[in-house]
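Chemist: Sharing entry12.txt below, compact mmCIF, C-alpha atoms:
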# COMPACT_ATOMS: atom_id res chain seq x y z
CA MET O 1 92.93 127.98 41.07
CA GLU O 2 90.81 124.88 40.68
CA TYR O 3 88.27 123.98 43.42
CA LEU O 4 89.51 121.17 45.76
CA PRO O 5 86.62 119.28 47.45
CA PRO O 6 86.67 118.59 51.24
CA PHE O 7 87.65 115.07 52.52
CA ASN O 8 85.21 112.50 51.30
CA LEU O 9 85.78 108.80 50.67
CA GLY O 10 84.55 109.20 47.13
CA TYR O 11 87.08 111.94 46.38
CA ALA O 12 89.86 110.72 48.72
CA SER O 13 93.18 110.04 47.10
CA LYS O 14 94.77 106.61 47.53
CA GLY O 15 97.37 108.08 49.89
CA GLN O 16 94.75 109.29 52.37
CA ILE O 17 93.10 105.85 52.48
CA PHE O 18 96.51 104.21 52.99
CA THR O 19 97.26 106.58 55.88
CA ILE O 20 93.94 105.80 57.61
CA ASP O 21 94.48 102.04 57.02
CA GLY O 22 97.97 102.33 58.49
CA ALA O 23 96.68 104.15 61.58
CA PHE O 24 94.07 101.44 62.16
CA ALA O 25 96.66 98.69 61.73
CA LEU O 26 98.88 100.48 64.26
CA ILE O 27 96.07 100.66 66.83
CA PHE O 28 95.19 96.97 66.41
CA ILE O 29 98.80 95.82 66.68
CA THR O 30 99.35 97.92 69.80
CA LEU O 31 96.23 96.47 71.42
CA LEU O 32 97.31 92.93 70.50
CA ALA O 33 100.77 93.50 71.97
CA LEU O 34 99.28 94.87 75.22
CA ILE O 35 96.90 91.91 75.57
CA PHE O 36 99.67 89.33 75.05
CA GLN O 37 102.05 91.14 77.39
CA SER O 38 99.64 91.16 80.34
CA ASN O 39 98.81 87.43 79.90
CA TYR O 40 102.43 86.34 79.95
CA LEU O 41 103.31 87.90 83.31
CA GLU O 42 100.68 86.08 85.37
CA PRO O 43 102.39 82.70 85.97
CA LEU O 44 105.37 84.22 87.82
CA GLU O 45 103.17 86.03 90.33
CA ASN O 46 101.03 82.91 90.81
CA ASN O 47 104.12 80.83 91.65
CA ILE O 48 105.21 83.27 94.34
CA ASP O 49 101.70 83.10 95.83
CA LEU O 50 101.80 79.29 95.62
CA LEU O 51 104.94 79.16 97.78
CA LYS O 52 103.25 81.45 100.33
CA ILE O 53 100.16 79.18 100.38
CA GLN O 54 102.38 76.11 100.84
CA LYS O 55 104.18 77.76 103.78
CA ILE O 56 100.87 78.80 105.40
CA ASN O 57 99.66 75.18 105.08
CA ASP O 58 102.97 74.00 106.61
CA LEU O 59 102.30 76.20 109.64
CA LEU O 60 98.74 74.89 110.00
CA LEU O 61 99.60 71.21 109.53
CA THR O 62 102.55 71.30 111.91
CA ALA O 63 100.50 73.29 114.46
CA GLN O 64 97.85 70.58 114.36
CA TYR O 65 100.42 67.78 114.67
CA ILE O 66 102.18 69.24 117.71
CA LYS O 67 98.90 70.69 119.05
CA ILE O 68 99.93 74.33 119.35
CA GLU O 69 97.65 76.38 121.58
CA ASN O 70 99.64 79.54 122.30
CA LEU O 71 100.32 82.48 120.01
CA GLN O 72 103.99 82.90 120.92
CA GLU O 73 104.93 79.43 119.68
CA LEU O 74 102.98 79.91 116.45
CA GLU O 75 104.59 83.34 115.98
CA ASN O 76 108.07 81.78 116.28
CA HIS O 77 107.15 79.26 113.59
CA TYR O 78 105.72 82.05 111.40
CA LEU O 79 108.93 84.08 111.71
CA ALA O 80 111.03 81.03 110.83
CA LEU O 81 109.18 80.72 107.52
CA PHE O 82 108.35 84.37 106.83
CA PRO O 83 111.14 86.43 108.45
CA ASN O 84 110.33 89.62 106.52
CA THR O 85 106.74 89.15 105.38
CA PRO O 86 103.95 90.94 107.26
CA GLY O 87 100.94 88.90 108.28
CA TYR O 88 98.78 87.75 111.15
CA ILE O 89 98.08 84.66 113.24
CA LYS O 90 94.90 83.77 115.08
CA ILE O 91 94.18 81.09 117.66
CA ASN O 92 90.48 80.85 118.57
CA ASN O 93 89.49 84.51 119.12
CA THR O 94 92.97 85.93 119.77
CA ARG O 95 94.63 87.57 116.82
CA LYS O 96 98.16 88.94 116.54
CA GLU O 97 99.59 91.09 113.75
CA ILE O 98 103.20 90.38 112.77
CA LYS O 99 105.40 93.08 111.17
CA SER O 100 102.36 94.82 109.70
CA SER O 101 101.90 98.10 111.62
CA ASN O 102 102.22 100.74 108.88
CA LEU O 103 101.74 98.74 105.73
CA PRO O 104 98.76 99.06 103.41
CA LYS O 105 96.92 95.73 103.45
CA SER O 106 96.07 95.28 99.79
CA LYS O 107 96.05 91.53 99.36
CA ILE O 108 95.77 88.75 101.94
CA ILE O 109 96.53 85.07 101.45
CA SER O 110 95.18 83.06 104.35
CA ASN O 111 94.03 79.63 105.43
CA SER O 112 92.68 78.06 108.60
CA ILE O 113 92.41 74.71 110.35
CA LYS O 114 90.39 73.26 113.23
CA TYR O 115 91.49 70.42 115.45
CA ILE O 116 90.59 68.83 118.75
CA ASN O 117 93.25 69.06 121.44
CA ASN O 118 94.09 66.58 124.19
CA SER O 119 91.38 68.09 126.43
CA ASN O 120 88.71 67.54 123.74
CA ASN O 121 88.44 71.27 123.00
CA LYS O 122 88.12 72.66 119.49
CA ILE O 123 91.11 74.79 118.47
CA TYR O 124 90.80 77.16 115.51
CA ILE O 125 94.03 78.38 113.92
CA GLU O 126 94.27 80.91 111.09
CA VAL O 127 97.39 82.24 109.38
CA GLY O 128 97.43 85.10 106.88
CA VAL O 129 100.11 86.81 104.84
CA TYR O 130 99.86 90.33 103.41
CA SER O 131 101.37 91.14 100.02
CA MET X 1 97.08 123.80 35.51
CA ARG X 2 100.65 123.99 36.80
CA ILE X 3 99.40 125.05 40.29
CA ILE X 4 97.10 121.98 40.48
CA SER X 5 99.97 119.69 39.46
CA THR X 6 102.22 121.21 42.18
CA LEU X 7 99.48 120.75 44.82
CA LYS X 8 98.91 117.16 43.73
CA ALA X 9 102.63 116.50 43.87
CA GLN X 10 102.82 118.02 47.35
CA ALA X 11 99.85 115.90 48.49
CA ILE X 12 101.49 112.77 47.10
CA VAL X 13 104.79 113.56 48.84
CA ILE X 14 103.08 114.30 52.19
CA ASP X 15 100.92 111.14 51.89
CA THR X 16 103.97 109.04 51.10
CA LEU X 17 105.85 110.52 54.06
CA PHE X 18 102.94 109.85 56.43
CA TYR X 19 102.54 106.34 55.08
CA ALA X 20 106.29 105.66 55.49
CA LEU X 21 106.16 107.05 59.04
CA ILE X 22 103.26 104.78 59.98
CA ILE X 23 104.99 101.77 58.41
CA ILE X 24 108.14 102.57 60.43
CA PHE X 25 106.01 102.79 63.60
CA ILE X 26 104.34 99.46 62.85
CA ILE X 27 107.70 97.78 62.22
CA PHE X 28 109.11 99.30 65.42
CA ILE X 29 106.15 98.10 67.49
CA GLU X 30 106.28 94.63 65.89
CA ILE X 31 110.00 94.34 66.68
CA GLN X 32 109.33 95.38 70.28
CA TYR X 33 106.45 92.91 70.51
CA ILE X 34 108.57 90.04 69.14
CA SER X 35 111.43 90.85 71.51
CA ASN X 36 108.98 91.08 74.45
CA SER X 37 107.40 87.77 73.44
CA ALA X 38 110.84 86.12 73.39
CA ASN X 39 111.63 87.55 76.83
CA ASN X 40 108.26 86.47 78.20
CA GLU X 41 108.68 83.00 76.75
CA ALA X 42 112.03 82.69 78.55
CA LYS X 43 110.35 83.89 81.77
CA LEU X 44 107.55 81.36 81.26
CA VAL X 45 110.07 78.50 80.89
CA GLY X 46 111.80 79.66 84.09
CA SER X 47 108.43 79.96 85.80
CA THR X 48 107.45 76.40 84.78
CA LYS X 49 110.76 75.02 86.13
CA TYR X 50 110.19 76.93 89.39
CA LEU X 51 106.66 75.50 89.62
CA ASP X 52 108.06 71.99 89.02
CA THR X 53 110.54 72.51 91.88
CA LEU X 54 107.77 73.75 94.21
CA LEU X 55 105.62 70.71 93.44
CA PHE X 56 108.59 68.34 93.81
CA THR X 57 109.62 69.75 97.22
CA ASP X 58 105.98 69.50 98.31
CA LYS X 59 105.96 65.83 97.26
CA VAL X 60 109.22 65.17 99.15
CA ILE X 61 107.75 66.31 102.47
CA SER X 62 104.24 64.90 102.03
CA ASN X 63 104.50 61.65 100.04
CA CYS X 64 104.94 58.22 101.65
CA ASN X 65 107.43 57.18 98.94
CA TYR X 66 109.70 60.11 99.78
CA TRP X 67 110.46 61.60 103.23
CA ALA X 68 107.05 61.73 104.90
CA LYS X 69 106.67 59.58 108.01
CA SER X 70 104.48 56.52 107.51
CA ALA X 71 101.85 55.53 110.01
CA LYS X 72 102.63 52.36 111.97
CA ASN X 73 101.22 49.24 110.25
CA TYR X 74 99.83 51.44 107.44
CA GLU X 75 102.75 52.11 105.13
CA SER X 76 100.56 53.61 102.42
CA LEU X 77 99.39 56.30 104.86
CA CYS X 78 101.74 59.02 105.99
CA TYR X 79 101.84 62.23 107.94
CA GLN X 80 102.16 65.31 105.77
CA ASN X 81 105.07 67.59 106.78
CA VAL X 82 106.33 65.05 109.35
CA LEU X 83 109.71 63.76 108.21
CA GLU X 84 111.44 60.44 108.62
CA ILE X 85 114.85 60.90 107.03
CA ASN X 86 117.79 58.53 106.92
CA GLN X 87 120.72 57.94 104.58
CA ILE X 88 118.77 55.32 102.59
CA THR X 89 115.87 57.68 101.81
CA ILE X 90 118.34 60.44 100.83
CA THR X 91 120.32 58.14 98.52
CA LYS X 92 117.08 56.92 96.93
CA LEU X 93 116.19 60.50 96.01
CA ILE X 94 119.56 61.55 94.50
CA PRO X 95 118.63 60.98 90.80
CA GLU X 96 115.56 63.21 91.15
CA LEU X 97 117.50 65.86 93.07
CA GLN X 98 120.16 65.92 90.34
CA LYS X 99 117.50 66.14 87.62
CA ARG X 100 116.07 69.29 89.24
CA LYS X 101 119.51 70.74 90.04
CA ILE X 102 118.85 70.70 93.79
CA CYS X 103 122.41 71.00 95.10
CA LYS X 104 122.07 71.47 98.86
CA ILE X 105 119.46 70.52 101.46
CA PHE X 106 119.54 71.94 104.97
CA LEU X 107 117.38 70.48 107.73
CA SER X 108 117.32 72.58 110.93
CA GLY X 109 120.42 74.36 109.58
CA ASN X 110 122.33 71.08 109.15
CA LEU X 111 123.53 70.10 105.69
CA ILE X 112 122.02 66.71 104.85
CA TYR X 113 122.67 66.66 101.09
CA ASN X 114 125.45 68.42 99.22
CA THR X 115 126.93 68.52 95.72
CA GLN X 116 129.95 70.28 94.22
CA SER X 117 127.80 73.11 92.77
CA THR X 118 128.12 76.41 94.60
CA GLU X 119 126.25 79.00 92.47
CA ILE X 120 122.81 79.14 94.06
CA LYS X 121 119.89 80.26 91.88
CA TYR X 122 117.13 80.29 94.51
CA THR X 123 116.00 78.58 97.71
CA VAL X 124 112.71 76.91 98.58
CA GLU X 125 112.01 76.76 102.30
CA ARG X 126 109.29 74.71 103.97
CA GLY X 127 108.12 74.11 107.52
CA VAL X 128 108.26 70.53 108.82
CA ILE X 129 108.30 68.39 111.96
CA ASN X 130 111.55 66.52 112.56
CA ASN X 131 112.10 64.42 115.70
CA GLY X 132 108.86 65.82 117.13
CA VAL X 133 109.74 69.53 116.83
CA PHE X 134 108.99 72.23 114.28
CA THR X 135 111.89 73.12 112.01
CA THR X 136 112.62 74.32 108.49
CA ILE X 137 113.93 72.43 105.50
CA GLN X 138 115.75 74.38 102.78
CA PHE X 139 116.15 73.14 99.23
CA ARG X 140 118.82 75.16 97.38
CA ILE X 141 118.68 75.07 93.61
CA CYS X 142 121.91 75.71 91.71
CA LYS X 143 122.56 76.96 88.16
Just dump the structure as structure tokens.
Modeler:
Amino acid sequence: MEYLPPFNLGYASKGQIFTIDGAFALIFITLLALIFQSNYLEPLENNIDLLKIQKINDLLLTAQYIKIENLQELENHYLALFPNTPGYIKINNTRKEIKSSNLPKSKIISNSIKYINNSNNKIYIEVGVYS
Amino acid sequence: MRIISTLKAQAIVIDTLFYALIIIFIIFIEIQYISNSANNEAKLVGSTKYLDTLLFTDKVISNCNYWAKSAKNYESLCYQNVLEINQITITKLIPELQKRKICKIFLSGNLIYNTQSTEIKYTVERGVINNGVFTTIQFRICK
């Protein structure tokens, strides 16, 4: 039997080099596919968040216009816009959680507003939504 | 000499098989990638249309030229999310509503704009002030 040398680029047959080239090509294409896939899915999630932000701003703007000062009224407005979404509302230093007792709070979208009421007092309102 | 030829032949056959296998894998992954790209592109188009609807509904409730209430003596200024709706302002908006396939609008649960379309794709709901009280306005988009 003739001596067969171990794998070495100098001695490698064309087939071995093709196989290695193919494996590299496969890895690169897989990576490329993964990168493109993750980039394409972002806009949909952002749009859903945008609607939540718009609704939070609705609550704040309307609260300022009708000069809301009690949590119950703001909670009713919150539930009208977010009937199933957990979140919280805050007026000055009083905070109330809505539908969020056992849920893990991973991401919060929130916004706040300050206005001066009829008695010249500063009112701070904050609304947040968990997702 | 014959043994070496057999080994070489075996090596060539195994190499060719491996190479063919890898080529098949590459083609399979490329086909999947192309099909995913096509799906994602369709999603992106849908997402852009949805974004356009969100921005349009926002304009309707906050722009002086649409349904936002103008300040007295300052028609170019208006109150965001405070509505002033009448039949004239609704009629004025019909071409844009049709363009975006908005088929029904409910204000405080009352139907204020309706078309023949019934198959609803999705709904955009916003919080507004109408006649001095907080209420919701629903824009229903049809197929």
Chemist: Please determine the residues with any atom at most 10 Å from (95.2, 83.8, 108.7) (coordinates as given in the file, with all atoms listed in the file counting) and report them as a PDB file with C-alpha atoms, keeping the file's coordinate frame.
Modeler:
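Writing done, so here's part.pdb:
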ATOM      1  CA  ILE O  56     100.870  78.800 105.400  1.00  0.00           C
ATOM      2  CA  LEU O  60      98.740  74.890 110.000  1.00  0.00           C
ATOM      3  CA  GLY O  87     100.940  88.900 108.280  1.00  0.00           C
ATOM      4  CA  TYR O  88      98.780  87.750 111.150  1.00  0.00           C
ATOM      5  CA  ILE O  89      98.080  84.660 113.240  1.00  0.00           C
ATOM      6  CA  LYS O  90      94.900  83.770 115.080  1.00  0.00           C
ATOM      7  CA  ILE O  91      94.180  81.090 117.660  1.00  0.00           C
ATOM      8  CA  ARG O  95      94.630  87.570 116.820  1.00  0.00           C
ATOM      9  CA  LYS O  96      98.160  88.940 116.540  1.00  0.00           C
ATOM     10  CA  GLU O  97      99.590  91.090 113.750  1.00  0.00           C
ATOM     11  CA  ILE O 108      95.770  88.750 101.940  1.00  0.00           C
ATOM     12  CA  ILE O 109      96.530  85.070 101.450  1.00  0.00           C
ATOM     13  CA  SER O 110      95.180  83.060 104.350  1.00  0.00           C
ATOM     14  CA  ASN O 111      94.030  79.630 105.430  1.00  0.00           C
ATOM     15  CA  SER O 112      92.680  78.060 108.600  1.00  0.00           C
ATOM     16  CA  ILE O 113      92.410  74.710 110.350  1.00  0.00           C
ATOM     17  CA  ILE O 125      94.030  78.380 113.920  1.00  0.00           C
ATOM     18  CA  GLU O 126      94.270  80.910 111.090  1.00  0.00           C
ATOM     19  CA  VAL O 127      97.390  82.240 109.380  1.00  0.00           C
ATOM     20  CA  GLY O 128      97.430  85.100 106.880  1.00  0.00           C
ATOM     21  CA  VAL O 129     100.110  86.810 104.840  1.00  0.00           C
ATOM     22  CA  TYR O 130      99.860  90.330 103.410  1.00  0.00           C
TER      23      TYR O 130
END
Chemist: Tell me, counting only C-alpha atoms, for each residue of chain X within 10 Å of chain O, which pair of atoms is nearest and how far apart they are in Å to one decimal, in rows ordered by chain and increasing number, as CSV.
Modeler:
residue,atom,partner,partner_atom,distance
X:Met1,CA,O:Met1,CA,8.1
X:Arg2,CA,O:Met1,CA,9.7
X:Ile3,CA,O:Met1,CA,7.1
X:Ile4,CA,O:Glu2,CA,6.9
X:Lys8,CA,O:Ser13,CA,9.7
X:Ala11,CA,O:Gly15,CA,8.3
X:Ile12,CA,O:Gly15,CA,6.8
X:Val13,CA,O:Gly15,CA,9.3
X:Ile14,CA,O:Gly15,CA,8.8
X:Asp15,CA,O:Gly15,CA,5.1
X:Thr16,CA,O:Gly15,CA,6.8
X:Leu17,CA,O:Thr19,CA,9.6
X:Phe18,CA,O:Thr19,CA,6.6
X:Tyr19,CA,O:Thr19,CA,5.3
X:Ala20,CA,O:Thr19,CA,9.1
X:Leu21,CA,O:Thr19,CA,9.5
X:Ile22,CA,O:Gly22,CA,6.0
X:Ile23,CA,O:Gly22,CA,7.0
X:Phe25,CA,O:Leu26,CA,7.5
X:Ile26,CA,O:Leu26,CA,5.7
X:Ile27,CA,O:Leu26,CA,9.4
X:Ile29,CA,O:Thr30,CA,7.2
X:Glu30,CA,O:Ile29,CA,7.6
X:Gln32,CA,O:Ala33,CA,8.9
X:Tyr33,CA,O:Ala33,CA,5.9
X:Ile34,CA,O:Ala33,CA,9.0
X:Asn36,CA,O:Gln37,CA,7.5
X:Ser37,CA,O:Gln37,CA,7.5
X:Asn39,CA,O:Tyr40,CA,9.8
X:Asn40,CA,O:Tyr40,CA,6.1
X:Glu41,CA,O:Tyr40,CA,7.8
X:Lys43,CA,O:Leu44,CA,7.8
X:Leu44,CA,O:Pro43,CA,7.1
X:Gly46,CA,O:Leu44,CA,8.7
X:Ser47,CA,O:Leu44,CA,5.6
X:Thr48,CA,O:Pro43,CA,8.2
X:Tyr50,CA,O:Asn47,CA,7.6
X:Leu51,CA,O:Asn47,CA,6.2
X:Leu54,CA,O:Leu51,CA,7.1
X:Leu55,CA,O:Leu51,CA,9.5
X:Asp58,CA,O:Gln54,CA,7.9
X:Ile61,CA,O:Asp58,CA,10.0
X:Tyr79,CA,O:Tyr65,CA,8.8
X:Gln80,CA,O:Leu61,CA,7.4
X:Asn81,CA,O:Asp58,CA,6.7
X:Val82,CA,O:Thr62,CA,7.7
X:Val124,CA,O:Leu51,CA,8.1
X:Glu125,CA,O:Leu81,CA,7.1
X:Arg126,CA,O:Lys55,CA,6.0
X:Gly127,CA,O:Asp58,CA,5.2
X:Val128,CA,O:Thr62,CA,6.5
X:Ile129,CA,O:Thr62,CA,6.4
X:Gly132,CA,O:Ile66,CA,7.5
X:Val133,CA,O:Ile66,CA,7.6
X:Phe134,CA,O:Thr62,CA,6.9
X:Thr135,CA,O:His77,CA,7.9
X:Thr136,CA,O:Ala80,CA,7.3
X:Ile137,CA,O:Leu81,CA,9.8
Chemist: Which residue out of X:Ala71, X:Leu83, X:Ile141, X:Val45 has the minimum interatomic distance to Ser117 of chain X when only C-alpha atoms are used?
Modeler: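 Looking only at the distances to Ser117 of chain X, the closest residue turns out to be X:Ile141.
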Chemist: As an exercise, work out the distance from atom CA of Asn120 of chain O to atom CA of Glu84 of chain X in Å and give it to one decimal place.
Modeler: 28.2 Å
Chemist: By how many Å are atom CA of Thr115 of chain X and atom CA of Leu93 of chain X apart?
Modeler: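 Going from atom CA of Thr115 of chain X over to atom CA of Leu93 of chain X, I get 13.4 Å.
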Chemist: Suppose you want the space between atom CA of Glu119 of chain X and atom CA of Gln98 of chain X; what is it in Å?
Modeler: 14.6 Å
Chemist: Identify which of the residues X:Asn65, X:Ser108, X:Gln87, X:Thr57 lies closest to Arg140 of chain X, counting all atoms listed in the file when measuring atom-to-atom distances.
Modeler: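 Checking each of X:Asn65, X:Ser108, X:Gln87, X:Thr57 against Arg140 of chain X, counting all atoms listed in the file, the winner is X:Thr57.
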